[in-house]
Amino acid sequence: MSSPTSARLTTALLLAGPLLPAARPDALLLKDGKALEGTVTDKGGAYEIKTKYGTLTIDKAEVRKVLPAPDRIAAEADVLRKVAAGLCEEAAALHVPAERNRKLSAARELLDKARLLCAEADGVYTGPDRVALDKAAAEIAGTTQRARELALPEPAAEPPPAAAPPPAPLPPAVAKAADPGATPAVTPANPAASAELGAPALPTKKDLRDAASMPPPAPKTAKELVEDLASPDAAVRKAAADGLAQAPVPEALPPLLEALRKESDGRVIDALELALLRQDVVTLLRQDAVKALASGGTPEQKAALVHVLKRLGGEPAVRFLIDQFVMKGDEPLRLETASALKKHKAIAVRLLIEAFRKAPSRLDLQVDIIKLIGIIGESAQGARFLLPFLETEAVREIAVHALLKIDRPAIPVLLQYGLSGGAKTRNWSAQILRHFMNIPSESRSSDELTRWWVANRRDVEAEEAAREKRDAELNWPVDEHDWAEYDRPVIDRDGNELRAGRYRALRERTRRPMMDATLARELQDERARQREERIKAKGLAPAPPPVAPKTP
């Protein structure tokens with residue numbers, strides 16, 4: 001039998017159906033993490049998608065989901081939110097805590113579904129397409145806050161009365177006569193030894209029935225669960241994290257982050273991250289404890305916070321990362337921050353461009369943002385944002401570096417906007433294009449560049465999809481070389497010619513999984529210890545440290 005909540009939701013969806021926009025799939029989410037936006041047509045065993053660059057045919061086995069148009073997603077999420085809002089108002093009229101909280105729990109489930117609908121479109125739709133999604137996400141956050149405010153604390157269950165002391169055990173013969181259904185006593189081979197060991201009496205059926213009828217222990221409070229996070233027993237820590245995931249409270253955020261930073265047990269780590277991910281992002285980021293951790297925490301605590309926000313994703317989390325770490329120039333965490341922004345590159349580049357325009361007087365910060373956009377490697381908004389800087393000599397070399405880091409996925413933007421820009425923009429766009437296409441610099445024909453792209457577009461897109469997949473497997477790696485490469489000269493002394501190799505082709509073999517500084521130090525110490533053990537096992541003396549040559 002369906003519940004009243006599911007019946008109400010079904011009715012609302014049926015009534016809202018005619019009001020929703022036309023159901024036209026607008027994007028394909030592939031299993032390798034890539035998203036293709038355009039007009040989708042079902043061709044039986046494959047999907048045909050018409051993008052602004054041409055038509056692609058994608059096998060259905062490679063597609064994870066067909067994503068509807070953003071206005072339809074927003075409309076479906078709004079239906080769920082309105083049903084949840086109605087449940088909240090019904091709950092407000094109830095005064096019994098258990099009944100009210102039960103109805104609010106159903107409302108929160110609907111809000112979670114609505115939030116996931118909007119979150120799945122993050123990174124796929126950008127620009128004007130995001131207006132409806134952002135509005136729906138804001139309304140969902142407000143309704144979620146309303147549901148939290150309406151929740152009532154439930155009284156703790158009264159402890160069961162103390163059990164009467166058990167009667168003294170009867171002799172076996174008397175016990176058998178008095179209780180025929182009792183479990184017969186087993187006569188030990190050596191009664192004296194059993195008496196010395198103090199063997200306990202076996203429970204009777206009545207004892208088992210009494211134990212089964214005992215009420216369950218009262219659930220632990222949030223404070224007790226937070227204290228259990230520091231337990232030496234991994235099972236207790238996991239149970240505490242599971243409890244905080246089922247009943248998330250903002251006060252548990254700092255202890256959860258600290259526990260995540262110290263934890264080594266894989267099952268407990270999964271439970272801690274689930275507890276953090278169950279927190280509402282908007283409400284979570286409004287907490288003073290989170291801001292205090294971002295500004296005054298230790299490097300390890302800040303790194304843990306960046307890691308959690310990287311997992312949470314979404315515009316609020318990305319905006320928090322940019323405001324608290326990029327705009328404040330947090331140098332020790334620039335690798336972790338860049339890695340988190342790289343994972344959510346479409347949202348990150350849009351917000352970085354906004355931050356760039358809000359800081360016109362801070363040239364150092366603007367230069368860092370240009371570098372960061374190149375490291376993130378987003379090929380649509382990022383590449384187009386970088387083109388105007390090719391006209392300015394002061395930052396031209398940094399902009400060229402950034403475009404080279406984006407690599408061949410920037411070709412469509414360079415062809416469409418770079419070759420039609422100012423004189424310097426046209427010149428450098430053509431040079432970068434010839435560099436990507438391995439066309440001799442003597443060739444000045446733009447038609448040749450366009451023909452190359454038409455012939456090789458599929459190969460470039462497949463190369464980019466494979467690279468995105470590798471980056472995802474390595475947890476979106478960023479290292480010091482990504483920043484240091486900006487210090488290399490990329491333009492000749494006359495300032496007219498390009499001289500550089502392709503960054504990605506050179507760096508592909510040296511990529512390593514992204515990890516925090518603490519884990520890197522632990523891994524280095526472990527390797528040194530293993531090396532010393534191998535040397536001792538072979539009976540060899542450790543190699544002396546190298547002696548630096550004397551300078552004349």
# chains A, B, ... in the order shown; residues from 1 in each chain; ligands from 1
call {"tool": "closest_atom_pairs", "arguments": {"of": "stretch 361-442 of chain A", "to": "stretch 325-344 of chain A", "cutoff": "8 Å", "atoms": "only C-alpha atoms", "output": "Markdown table"}}
result
| residue | atom | partner | partner_atom | distance |
| --- | --- | --- | --- | --- |
| A:Leu365 | CA | A:Met327 | CA | 7.1 |
| A:Leu372 | CA | A:Ala338 | CA | 7.0 |
| A:Ile375 | CA | A:Ala338 | CA | 7.6 |
| A:Ile376 | CA | A:Lys342 | CA | 4.6 |
| A:Gly377 | CA | A:Lys342 | CA | 7.5 |
call {"tool": "write_last_selection", "arguments": {"atoms": "C-alpha atoms", "output": "PDB file, in the first residue's frame"}}
result
ATOM      1  CA  LEU A 365      45.418  38.286  -7.621  1.00  0.00           C
ATOM      2  CA  LEU A 372      44.513  29.009 -12.164  1.00  0.00           C
ATOM      3  CA  ILE A 375      45.635  24.833 -14.688  1.00  0.00           C
ATOM      4  CA  ILE A 376      41.946  23.933 -14.365  1.00  0.00           C
ATOM      5  CA  GLY A 377      41.825  23.454 -18.128  1.00  0.00           C
TER       6      GLY A 377
END
call {"tool": "atom_distance", "arguments": {"atom1": "atom CA of A:Asp59", "atom2": "atom CA of A:Trp453"}}
result
23.3 Å
call {"tool": "atom_distance", "arguments": {"atom1": "atom CA of A:Ile369", "atom2": "atom CA of A:Met437"}}
result
27.4 Å
call {"tool": "closest_residue", "arguments": {"among": "A:Ala275, A:Ile439, A:Ile370, A:Leu390", "to": "A:Ile406", "atoms": "only C-alpha atoms"}}
result
A:Ile370
call {"tool": "decode", "arguments": {"residues": "stretch 319-356 of chain A", "atoms": "N, CA and C atoms", "output": "PDB file, in the first residue's frame"}}
result
ATOM      1  N   ARG A 319      32.127  28.390  -4.494  1.00  0.00           N
ATOM      2  CA  ARG A 319      32.261  29.815  -4.157  1.00  0.00           C
ATOM      3  C   ARG A 319      32.990  29.997  -2.824  1.00  0.00           C
ATOM      4  N   PHE A 320      32.703  29.120  -1.856  1.00  0.00           N
ATOM      5  CA  PHE A 320      33.395  29.195  -0.568  1.00  0.00           C
ATOM      6  C   PHE A 320      34.895  28.967  -0.760  1.00  0.00           C
ATOM      7  N   LEU A 321      35.275  27.993  -1.572  1.00  0.00           N
ATOM      8  CA  LEU A 321      36.693  27.723  -1.821  1.00  0.00           C
ATOM      9  C   LEU A 321      37.384  28.942  -2.435  1.00  0.00           C
ATOM     10  N   ILE A 322      36.720  29.583  -3.394  1.00  0.00           N
ATOM     11  CA  ILE A 322      37.336  30.743  -4.046  1.00  0.00           C
ATOM     12  C   ILE A 322      37.446  31.916  -3.072  1.00  0.00           C
ATOM     13  N   ASP A 323      36.375  32.180  -2.311  1.00  0.00           N
ATOM     14  CA  ASP A 323      36.383  33.325  -1.398  1.00  0.00           C
ATOM     15  C   ASP A 323      37.394  33.144  -0.264  1.00  0.00           C
ATOM     16  N   GLN A 324      37.474  31.923   0.292  1.00  0.00           N
ATOM     17  CA  GLN A 324      38.281  31.710   1.495  1.00  0.00           C
ATOM     18  C   GLN A 324      39.738  31.354   1.198  1.00  0.00           C
ATOM     19  N   PHE A 325      40.020  30.773   0.043  1.00  0.00           N
ATOM     20  CA  PHE A 325      41.376  30.302  -0.223  1.00  0.00           C
ATOM     21  C   PHE A 325      42.033  30.988  -1.419  1.00  0.00           C
ATOM     22  N   VAL A 326      41.290  31.223  -2.506  1.00  0.00           N
ATOM     23  CA  VAL A 326      41.893  31.872  -3.673  1.00  0.00           C
ATOM     24  C   VAL A 326      42.016  33.372  -3.444  1.00  0.00           C
ATOM     25  N   MET A 327      40.917  34.024  -3.052  1.00  0.00           N
ATOM     26  CA  MET A 327      40.932  35.481  -2.900  1.00  0.00           C
ATOM     27  C   MET A 327      41.804  35.941  -1.735  1.00  0.00           C
ATOM     28  N   LYS A 328      42.052  35.057  -0.782  1.00  0.00           N
ATOM     29  CA  LYS A 328      42.923  35.404   0.344  1.00  0.00           C
ATOM     30  C   LYS A 328      44.363  34.960   0.123  1.00  0.00           C
ATOM     31  N   GLY A 329      44.654  34.390  -1.048  1.00  0.00           N
ATOM     32  CA  GLY A 329      46.025  34.017  -1.384  1.00  0.00           C
ATOM     33  C   GLY A 329      46.627  32.994  -0.452  1.00  0.00           C
ATOM     34  N   ASP A 330      45.877  31.941  -0.132  1.00  0.00           N
ATOM     35  CA  ASP A 330      46.369  30.904   0.785  1.00  0.00           C
ATOM     36  C   ASP A 330      47.384  30.034   0.040  1.00  0.00           C
ATOM     37  N   GLU A 331      48.658  30.401   0.127  1.00  0.00           N
ATOM     38  CA  GLU A 331      49.717  29.731  -0.635  1.00  0.00           C
ATOM     39  C   GLU A 331      49.899  28.269  -0.280  1.00  0.00           C
ATOM     40  N   PRO A 332      49.909  27.863   1.019  1.00  0.00           N
ATOM     41  CA  PRO A 332      50.158  26.441   1.327  1.00  0.00           C
ATOM     42  C   PRO A 332      49.105  25.492   0.768  1.00  0.00           C
ATOM     43  N   LEU A 333      47.899  25.983   0.494  1.00  0.00           N
ATOM     44  CA  LEU A 333      46.823  25.097   0.058  1.00  0.00           C
ATOM     45  C   LEU A 333      46.469  25.288  -1.415  1.00  0.00           C
ATOM     46  N   ARG A 334      47.339  25.899  -2.190  1.00  0.00           N
ATOM     47  CA  ARG A 334      46.944  26.194  -3.568  1.00  0.00           C
ATOM     48  C   ARG A 334      46.840  24.926  -4.412  1.00  0.00           C
ATOM     49  N   LEU A 335      47.593  23.880  -4.072  1.00  0.00           N
ATOM     50  CA  LEU A 335      47.484  22.635  -4.828  1.00  0.00           C
ATOM     51  C   LEU A 335      46.142  21.957  -4.554  1.00  0.00           C
ATOM     52  N   GLU A 336      45.787  21.841  -3.246  1.00  0.00           N
ATOM     53  CA  GLU A 336      44.513  21.208  -2.901  1.00  0.00           C
ATOM     54  C   GLU A 336      43.330  22.004  -3.436  1.00  0.00           C
ATOM     55  N   THR A 337      43.429  23.342  -3.336  1.00  0.00           N
ATOM     56  CA  THR A 337      42.330  24.180  -3.830  1.00  0.00           C
ATOM     57  C   THR A 337      42.187  24.058  -5.344  1.00  0.00           C
ATOM     58  N   ALA A 338      43.308  24.099  -6.060  1.00  0.00           N
ATOM     59  CA  ALA A 338      43.250  23.976  -7.521  1.00  0.00           C
ATOM     60  C   ALA A 338      42.689  22.621  -7.935  1.00  0.00           C
ATOM     61  N   SER A 339      43.035  21.574  -7.202  1.00  0.00           N
ATOM     62  CA  SER A 339      42.509  20.242  -7.519  1.00  0.00           C
ATOM     63  C   SER A 339      40.995  20.198  -7.324  1.00  0.00           C
ATOM     64  N   ALA A 340      40.503  20.793  -6.228  1.00  0.00           N
ATOM     65  CA  ALA A 340      39.052  20.814  -5.985  1.00  0.00           C
ATOM     66  C   ALA A 340      38.326  21.606  -7.072  1.00  0.00           C
ATOM     67  N   LEU A 341      38.898  22.752  -7.474  1.00  0.00           N
ATOM     68  CA  LEU A 341      38.265  23.558  -8.522  1.00  0.00           C
ATOM     69  C   LEU A 341      38.334  22.852  -9.869  1.00  0.00           C
ATOM     70  N   LYS A 342      39.395  22.102 -10.090  1.00  0.00           N
ATOM     71  CA  LYS A 342      39.536  21.366 -11.346  1.00  0.00           C
ATOM     72  C   LYS A 342      38.447  20.309 -11.491  1.00  0.00           C
ATOM     73  N   LYS A 343      38.053  19.700 -10.380  1.00  0.00           N
ATOM     74  CA  LYS A 343      37.000  18.683 -10.427  1.00  0.00           C
ATOM     75  C   LYS A 343      35.669  19.301 -10.861  1.00  0.00           C
ATOM     76  N   HIS A 344      35.406  20.540 -10.440  1.00  0.00           N
ATOM     77  CA  HIS A 344      34.149  21.222 -10.765  1.00  0.00           C
ATOM     78  C   HIS A 344      34.466  22.416 -11.671  1.00  0.00           C
ATOM     79  N   LYS A 345      35.146  22.149 -12.781  1.00  0.00           N
ATOM     80  CA  LYS A 345      35.761  23.208 -13.573  1.00  0.00           C
ATOM     81  C   LYS A 345      34.757  24.169 -14.189  1.00  0.00           C
ATOM     82  N   ALA A 346      33.622  23.696 -14.657  1.00  0.00           N
ATOM     83  CA  ALA A 346      32.678  24.608 -15.310  1.00  0.00           C
ATOM     84  C   ALA A 346      32.165  25.662 -14.329  1.00  0.00           C
ATOM     85  N   ILE A 347      31.803  25.230 -13.110  1.00  0.00           N
ATOM     86  CA  ILE A 347      31.343  26.182 -12.085  1.00  0.00           C
ATOM     87  C   ILE A 347      32.511  27.058 -11.641  1.00  0.00           C
ATOM     88  N   ALA A 348      33.677  26.443 -11.441  1.00  0.00           N
ATOM     89  CA  ALA A 348      34.825  27.168 -10.901  1.00  0.00           C
ATOM     90  C   ALA A 348      35.271  28.289 -11.827  1.00  0.00           C
ATOM     91  N   VAL A 349      35.353  28.030 -13.140  1.00  0.00           N
ATOM     92  CA  VAL A 349      35.822  29.059 -14.072  1.00  0.00           C
ATOM     93  C   VAL A 349      34.840  30.222 -14.114  1.00  0.00           C
ATOM     94  N   ARG A 350      33.552  29.933 -14.108  1.00  0.00           N
ATOM     95  CA  ARG A 350      32.561  31.023 -14.114  1.00  0.00           C
ATOM     96  C   ARG A 350      32.711  31.911 -12.884  1.00  0.00           C
ATOM     97  N   LEU A 351      32.892  31.306 -11.715  1.00  0.00           N
ATOM     98  CA  LEU A 351      33.039  32.097 -10.480  1.00  0.00           C
ATOM     99  C   LEU A 351      34.404  32.783 -10.412  1.00  0.00           C
ATOM    100  N   LEU A 352      35.444  32.164 -10.971  1.00  0.00           N
ATOM    101  CA  LEU A 352      36.757  32.820 -11.004  1.00  0.00           C
ATOM    102  C   LEU A 352      36.722  34.064 -11.889  1.00  0.00           C
ATOM    103  N   ILE A 353      36.006  34.003 -12.994  1.00  0.00           N
ATOM    104  CA  ILE A 353      35.885  35.176 -13.858  1.00  0.00           C
ATOM    105  C   ILE A 353      35.147  36.293 -13.118  1.00  0.00           C
ATOM    106  N   GLU A 354      34.110  35.934 -12.360  1.00  0.00           N
ATOM    107  CA  GLU A 354      33.422  36.946 -11.545  1.00  0.00           C
ATOM    108  C   GLU A 354      34.381  37.553 -10.523  1.00  0.00           C
ATOM    109  N   ALA A 355      35.172  36.715  -9.859  1.00  0.00           N
ATOM    110  CA  ALA A 355      36.120  37.216  -8.862  1.00  0.00           C
ATOM    111  C   ALA A 355      37.171  38.107  -9.502  1.00  0.00           C
ATOM    112  N   PHE A 356      37.619  37.772 -10.707  1.00  0.00           N
ATOM    113  CA  PHE A 356      38.603  38.593 -11.421  1.00  0.00           C
ATOM    114  C   PHE A 356      38.063  39.999 -11.645  1.00  0.00           C
TER     115      PHE A 356
END
